[in-house]
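Here's the structure, in structure tokens; my notes come after.
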Amino acid sequence: MNSRTNTTPLSTRAAGVRPFYVMDLLARAKQLEAEGRSVLHLEVGEPDFPTPKPIIDAGIRALRQLKTHYTPALGLPELRQLIAEYYQHKFDIEISARRIIITPGASGALQLALSVLIDTGESVLLSDPGYPCNRNMIQILGAYSRMVPVGADTQFQMCAHHIAEFWTENSVAAMIASPSNPTGTVIKQHELTELIAAVAAEGGRLIVDEIYQGLVYSNEDFTALELSDDVFIINSFSKYFGMTGWRLGWMVVPDMYVDAIDRLAQNLFLAPSTVAQYAALAAFDDKSTRIFERRVSKFKERRDFLLPALRDMGFTIPVVPAGAFYVYADCSSITQDSYQWTRELLEEEAVAVTPGIDFGEHWASTHVRFAYTRPIDQLERACCRMARFIRAAGPK
Ligand SMILES: Cc1ncc(COP(=O)(O)O)c(C=O)c1O
């Protein structure tokens, strides 16, 4: 149907943007809370920890010093330099600050990367399950997503053999996230090396979303920049740095794209938030780093609590999620309809979790995502309630 014939005349591109099913659940959770029920939230994809004080203080100082004007479109030079030093210090790689672009969140970085790479009618390969906004951003640009079903055999990550299978004439890029949302899994280094080569062999570009970098509970924390300079890296201050509400991210791009991205950024955003950038200057100092590392241990404790508890209830988790704060669990021994199951779980036991359908179509109805963005005592209570709910439903 032509979207302009609807009562609200919308562009086809806007009409094609899909809602998140979890939003219905959230709205219902709010109603239940208003009725006095205590809802346990395992659906929220942001850290419960607030922004650390050194960063907040730096933001307040910047405002007091009246740093309220635009910065350059590509970001504050000193922040770009600090991020370059972060790569040097953490991964022992040298990245020119010129290639580092500060953006309004990873979301802004994704929009810039996709805008500079794809034309109308072209396609981008995305992992299914994967971060749902990517599909929508691609369709807003008049391009197409080719969904690549990924499973436990490849740690739920796209690999070189998928490129051979899914790349078509109109494909121009592939995109992965490692650690992934919703699976928390990390791509293996040798598989990433092969993936980079496979995309390059097709003359395409690889976008690697590293927004959960730092939130890795094994020794697998690495950046694709260790393997190639010819990739688009997406990152953010939202997750490891606990700054979701400040709306600040960055990307690292091949040198030849910097000027085009500068022009796009000037037109799309003018500049990232000034106060957020000044605040982020304090994100790399020792005090902040110590706070972040304590938080990483907390997330690991939560994961280590949740994994066996979910398995005891009958969920299957074939790959231990090494990062982010998500467990993507196969619930096929409990239900074949994860969307309905999450609705009933909310009604009966006031526990909110995200159904697989929000992340794609591949086995979506037999998967749910748990976010461990709440303290262990809340996770414990949620698990008790879920176990009771599953017991009450009886054998499938
Ligand atoms: C994989 C992934 N990429 C990008 C984003 C966007 O993050 P932000 O714009 O807050 O940096 C998210 C948010 O949840 C995400 O999970």
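Just so we're on the same page: first chain in the structure tokens is A, next is B, and so on; residues restart at 1 for each chain, and ligands are numbered from 1 in the order they show up.
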Identify all residues of segment 19-228 of chain A in strand (DSSP E or B) (DSSP on the backbone) and supply them as an MDAnalysis selection string.
chainID A and resid 40:41 100:103 123:128 144:149 171:177 205:209 216
Which polymer residues have any atom within 7 Å of an atom of Tyr326 of chain A, counting only C-alpha atoms, with same-chain residues fewer than 4 positions away left out, as an NGL selection string?
:A and (182-184 or 369-372)
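Distance check against ligand 1 using only C-alpha atoms and all ligand atoms: of A:Ala265, A:Ala174, A:Ala324, A:Ala309, the minimum falls on A:Ala324.
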- Query: Using only C-alpha atoms, which residues sit within 9 Å of Met313 of chain A once same-chain residues fewer than 4 positions away are excluded, as a VMD selection string?
  - Reply: chain A and resid 308 to 309 334 383 386 to 387 390 to 391
Item to check | Non-local contacts of Asn170 of chain A (8 Å; only C-alpha atoms; under 4 positions in same chain excluded) as a PyMOL selection string | outcome: chain A and resi 121-123
If you count only C-alpha atoms and all ligand atoms, the residue of A:Glu43, A:Glu194, A:Glu380, A:Asp337 closest to ligand 1 turns out to be A:Glu43
Could you list, as a short mmCIF file (atom, residue, chain, number, x, y, z; two decimals) with N, CA and C atoms, in the first residue's frame, all protein and nucleic acid residues with an atom at most 10 Å from ligand 1, counting only C-alpha atoms and all ligand atoms?
data_model
loop_
_atom_site.label_atom_id
_atom_site.label_comp_id
_atom_site.auth_asym_id
_atom_site.auth_seq_id
_atom_site.Cartn_x
_atom_site.Cartn_y
_atom_site.Cartn_z
N VAL A 44 16.46 -4.41 29.54
CA VAL A 44 17.07 -3.10 29.28
C VAL A 44 18.51 -3.22 28.78
N GLY A 45 18.78 -2.63 27.62
CA GLY A 45 20.12 -2.74 27.02
C GLY A 45 21.05 -1.61 27.40
N GLU A 46 20.95 -1.14 28.64
CA GLU A 46 21.94 -0.12 29.06
C GLU A 46 22.38 -0.40 30.48
N THR A 103 31.09 11.18 17.17
CA THR A 103 29.73 11.15 16.61
C THR A 103 28.68 11.21 17.72
N PRO A 104 27.44 11.53 17.36
CA PRO A 104 26.36 11.45 18.36
C PRO A 104 26.00 9.98 18.63
N GLY A 105 26.70 9.35 19.52
CA GLY A 105 26.51 7.94 19.83
C GLY A 105 27.01 7.04 18.70
N ALA A 106 27.02 5.73 18.97
CA ALA A 106 27.31 4.78 17.89
C ALA A 106 26.23 4.93 16.82
N SER A 107 25.03 5.34 17.24
CA SER A 107 23.93 5.52 16.28
C SER A 107 24.32 6.53 15.20
N GLY A 108 24.92 7.64 15.62
CA GLY A 108 25.38 8.65 14.65
C GLY A 108 26.48 8.09 13.77
N ALA A 109 27.37 7.30 14.38
CA ALA A 109 28.48 6.70 13.62
C ALA A 109 27.93 5.74 12.56
N LEU A 110 26.93 4.94 12.95
CA LEU A 110 26.35 3.98 12.01
C LEU A 110 25.69 4.71 10.84
N GLY A 130 20.63 -9.92 15.08
CA GLY A 130 21.55 -8.80 15.16
C GLY A 130 20.85 -7.56 15.67
N TYR A 131 21.61 -6.48 15.76
CA TYR A 131 21.08 -5.22 16.29
C TYR A 131 20.03 -4.66 15.33
N PRO A 132 18.78 -4.52 15.79
CA PRO A 132 17.68 -4.26 14.86
C PRO A 132 17.72 -2.89 14.16
N CYS A 133 18.32 -1.88 14.77
CA CYS A 133 18.28 -0.54 14.16
C CYS A 133 19.01 -0.52 12.81
N ASN A 134 19.99 -1.40 12.65
CA ASN A 134 20.75 -1.39 11.39
C ASN A 134 19.83 -1.60 10.19
N ILE A 176 29.07 -6.43 11.16
CA ILE A 176 28.96 -7.34 12.32
C ILE A 176 29.10 -6.52 13.59
N ALA A 177 28.71 -7.10 14.70
CA ALA A 177 28.99 -6.50 16.00
C ALA A 177 29.67 -7.56 16.85
N SER A 178 30.79 -7.19 17.45
CA SER A 178 31.51 -8.13 18.32
C SER A 178 32.09 -7.35 19.50
N PRO A 179 31.68 -7.71 20.74
CA PRO A 179 30.62 -8.63 21.12
C PRO A 179 29.29 -8.22 20.50
N SER A 180 28.44 -9.23 20.32
CA SER A 180 27.20 -8.98 19.59
C SER A 180 26.04 -8.64 20.52
N ASN A 181 25.16 -7.84 20.02
CA ASN A 181 23.83 -7.68 20.59
C ASN A 181 22.89 -8.38 19.60
N PRO A 182 22.18 -9.43 19.92
CA PRO A 182 21.77 -9.84 21.26
C PRO A 182 22.56 -11.00 21.88
N GLY A 184 25.89 -11.54 22.78
CA GLY A 184 27.03 -11.37 23.68
C GLY A 184 28.27 -12.12 23.22
N VAL A 208 32.57 -2.94 11.48
CA VAL A 208 32.64 -3.75 12.71
C VAL A 208 32.21 -2.87 13.88
N ASP A 209 31.09 -3.24 14.47
CA ASP A 209 30.55 -2.47 15.59
C ASP A 209 31.17 -3.02 16.88
N GLU A 210 32.02 -2.19 17.49
CA GLU A 210 32.74 -2.63 18.70
C GLU A 210 32.22 -1.89 19.93
N ILE A 211 30.92 -1.58 19.90
CA ILE A 211 30.33 -0.77 20.99
C ILE A 211 30.47 -1.45 22.35
N TYR A 212 30.56 -2.79 22.37
CA TYR A 212 30.69 -3.48 23.68
C TYR A 212 32.15 -3.79 24.02
N ILE A 234 33.00 1.02 14.58
CA ILE A 234 32.00 1.81 15.31
C ILE A 234 32.26 1.61 16.80
N ASN A 235 32.22 2.69 17.57
CA ASN A 235 32.36 2.55 19.01
C ASN A 235 31.54 3.65 19.70
N SER A 236 31.55 3.64 21.02
CA SER A 236 30.63 4.54 21.72
C SER A 236 31.06 4.73 23.16
N PHE A 237 30.63 5.84 23.73
CA PHE A 237 30.81 6.04 25.17
C PHE A 237 29.62 5.47 25.97
N SER A 238 28.66 4.86 25.26
CA SER A 238 27.42 4.45 25.93
C SER A 238 27.60 3.29 26.91
N LYS A 239 28.31 2.24 26.52
CA LYS A 239 28.19 0.98 27.26
C LYS A 239 29.30 0.83 28.29
N GLY A 242 29.56 3.92 30.31
CA GLY A 242 28.37 4.28 31.09
C GLY A 242 27.80 5.66 30.79
N MET A 243 27.80 6.05 29.52
CA MET A 243 27.35 7.41 29.18
C MET A 243 26.20 7.40 28.17
N THR A 244 25.27 6.45 28.31
CA THR A 244 24.20 6.34 27.29
C THR A 244 23.50 7.66 27.01
N GLY A 245 23.16 8.38 28.08
CA GLY A 245 22.35 9.58 27.90
C GLY A 245 23.11 10.79 27.35
N TRP A 246 24.43 10.70 27.28
CA TRP A 246 25.21 11.85 26.79
C TRP A 246 25.25 11.88 25.27
N ARG A 247 24.93 10.77 24.66
CA ARG A 247 24.88 10.62 23.21
C ARG A 247 26.23 10.93 22.55
N LEU A 248 27.19 10.08 22.84
CA LEU A 248 28.52 10.29 22.27
C LEU A 248 29.15 8.97 21.86
N GLY A 249 29.67 8.94 20.65
CA GLY A 249 30.35 7.74 20.16
C GLY A 249 31.50 8.15 19.27
N TRP A 250 32.09 7.16 18.62
CA TRP A 250 33.13 7.50 17.65
C TRP A 250 33.24 6.41 16.60
N ALA A 324 29.57 -8.11 26.30
CA ALA A 324 28.35 -7.29 26.41
C ALA A 324 27.64 -7.63 27.72
N PHE A 325 26.32 -7.46 27.79
CA PHE A 325 25.62 -7.88 29.01
C PHE A 325 24.33 -8.60 28.64
N TYR A 326 24.48 -9.51 27.65
CA TYR A 326 23.32 -10.23 27.16
C TYR A 326 23.55 -11.74 27.15
#
Next item on the list: Run DSSP on the backbone and grab whatever in segment 46-281 of chain A lands in helix (DSSP H, G or I); send it over as a count of residues only.
Entry: 102
